[in-house]
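What follows is a single structure, written as structure tokens, with notes after it.
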Amino acid sequence: MSRRRIRVPSGRLCAGVVVGVAVGLLTLWLLMLLGRALYTRSGAWGFLLIAGAGIVVGCAVAFARRGAEIGASWGLLAAIAAMFFCATHMEYLSSNALHDRGREVYGLIQKETGSAMPNPRDGSPGVYSYAVSCPGIPPQLDLSITGRELEVGKVYLMTIDPQSRVRPALGPRPGTDVVHLVWQIICAVFIMFFWLAAVVVGFDPDEVAW
């Protein structure tokens with residue numbers, strides 16, 4: 001009875017897997033640091049930094065897969081996944097801040113400070129911004145609502161951050177943000193896959209032929 005030989009992976013394949021996983025984890029860690037640095041701030045420059053980080057990741061993945069016919073398209077997908085990961089991580093941190101230390105108060109809508117009307121063509125909801133005053137809280141708060149227009153002069157239940165690091169949210173204190181956590185995991189899986197495939201191809205093992 002003949003014994004079946006077990007094929008041992010080549011050194012290049014093993015090295016590619018190890019380096020690919022390491023680079024992928026490093027990328028996720030850096031994106032999480034960027035998201036943590038930006039989630040308490042608002043402004044166009046924050047979105048530019050997220051876009052810039054995505055472009056850097058995409059270019060790096062495309063460069064690692066140089067010589068493969070689909071290198072450019074994989075780089076584009078990696079860039080999109082990186083931007084979504086960073087953005088969803090920011091939303092997750094912001095929501096969890098209100099979940100962990102949020103305080104429920106009743107706020108008076110003083111005036112509307114801005115609005116973006118809904119667009120029926122693409123189905124995007126309207127975004128409305130208001131100046132809010134709460135009893136016992138001297139500074140005026142900024143409240144942004146998506147898809148719902150509030151009445152000026154009316155009192156609403158909302159959750160505020162006692163540390164004033166994130167914006168208040170309408171309604172009671174939120175629970176754990178499972179939705180953004182799931183999206184983070186999905187984006188992280190894609191980023192790890194793109195990096196793993198890119199680095200393995202870059203090492204050009206015998207098991208992978210293009």
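Letters A, B, ... go to the chains of the structure tokens in the order shown; residues in each chain start at 1; ligands are counted from 1 in the same order.
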
Next on the checklist: What's around Pro168 (chain A) at 12 Å? Count only C-alpha atoms, leave out sequence neighbours fewer than 2 positions away in its own chain, and write the answer as a PyMOL selection string.
Outcome noted: chain A and resi 40+94-95+97-99+101-107+129-134+140-145+156-166+170-174

Item to check | DSSP helix (DSSP H, G or I) residues within region 18-198 of chain A, listed as a VMD selection string | outcome: chain A and resid 18 to 38 44 to 64 71 to 101 178 to 198

Next on the checklist: Residues within 7 Å of region 83-92 of chain A, please, as a list in words. Count only C-alpha atoms; anything in the same chain fewer than 5 positions from it doesn't count.
Outcome noted: Leu31, Met32, Gly35, Arg36, Tyr39, Ile50, Ala51, Gly54, Asp177, His180, Leu181, Trp183, Gln184, Cys187 and Ala188 of chain A
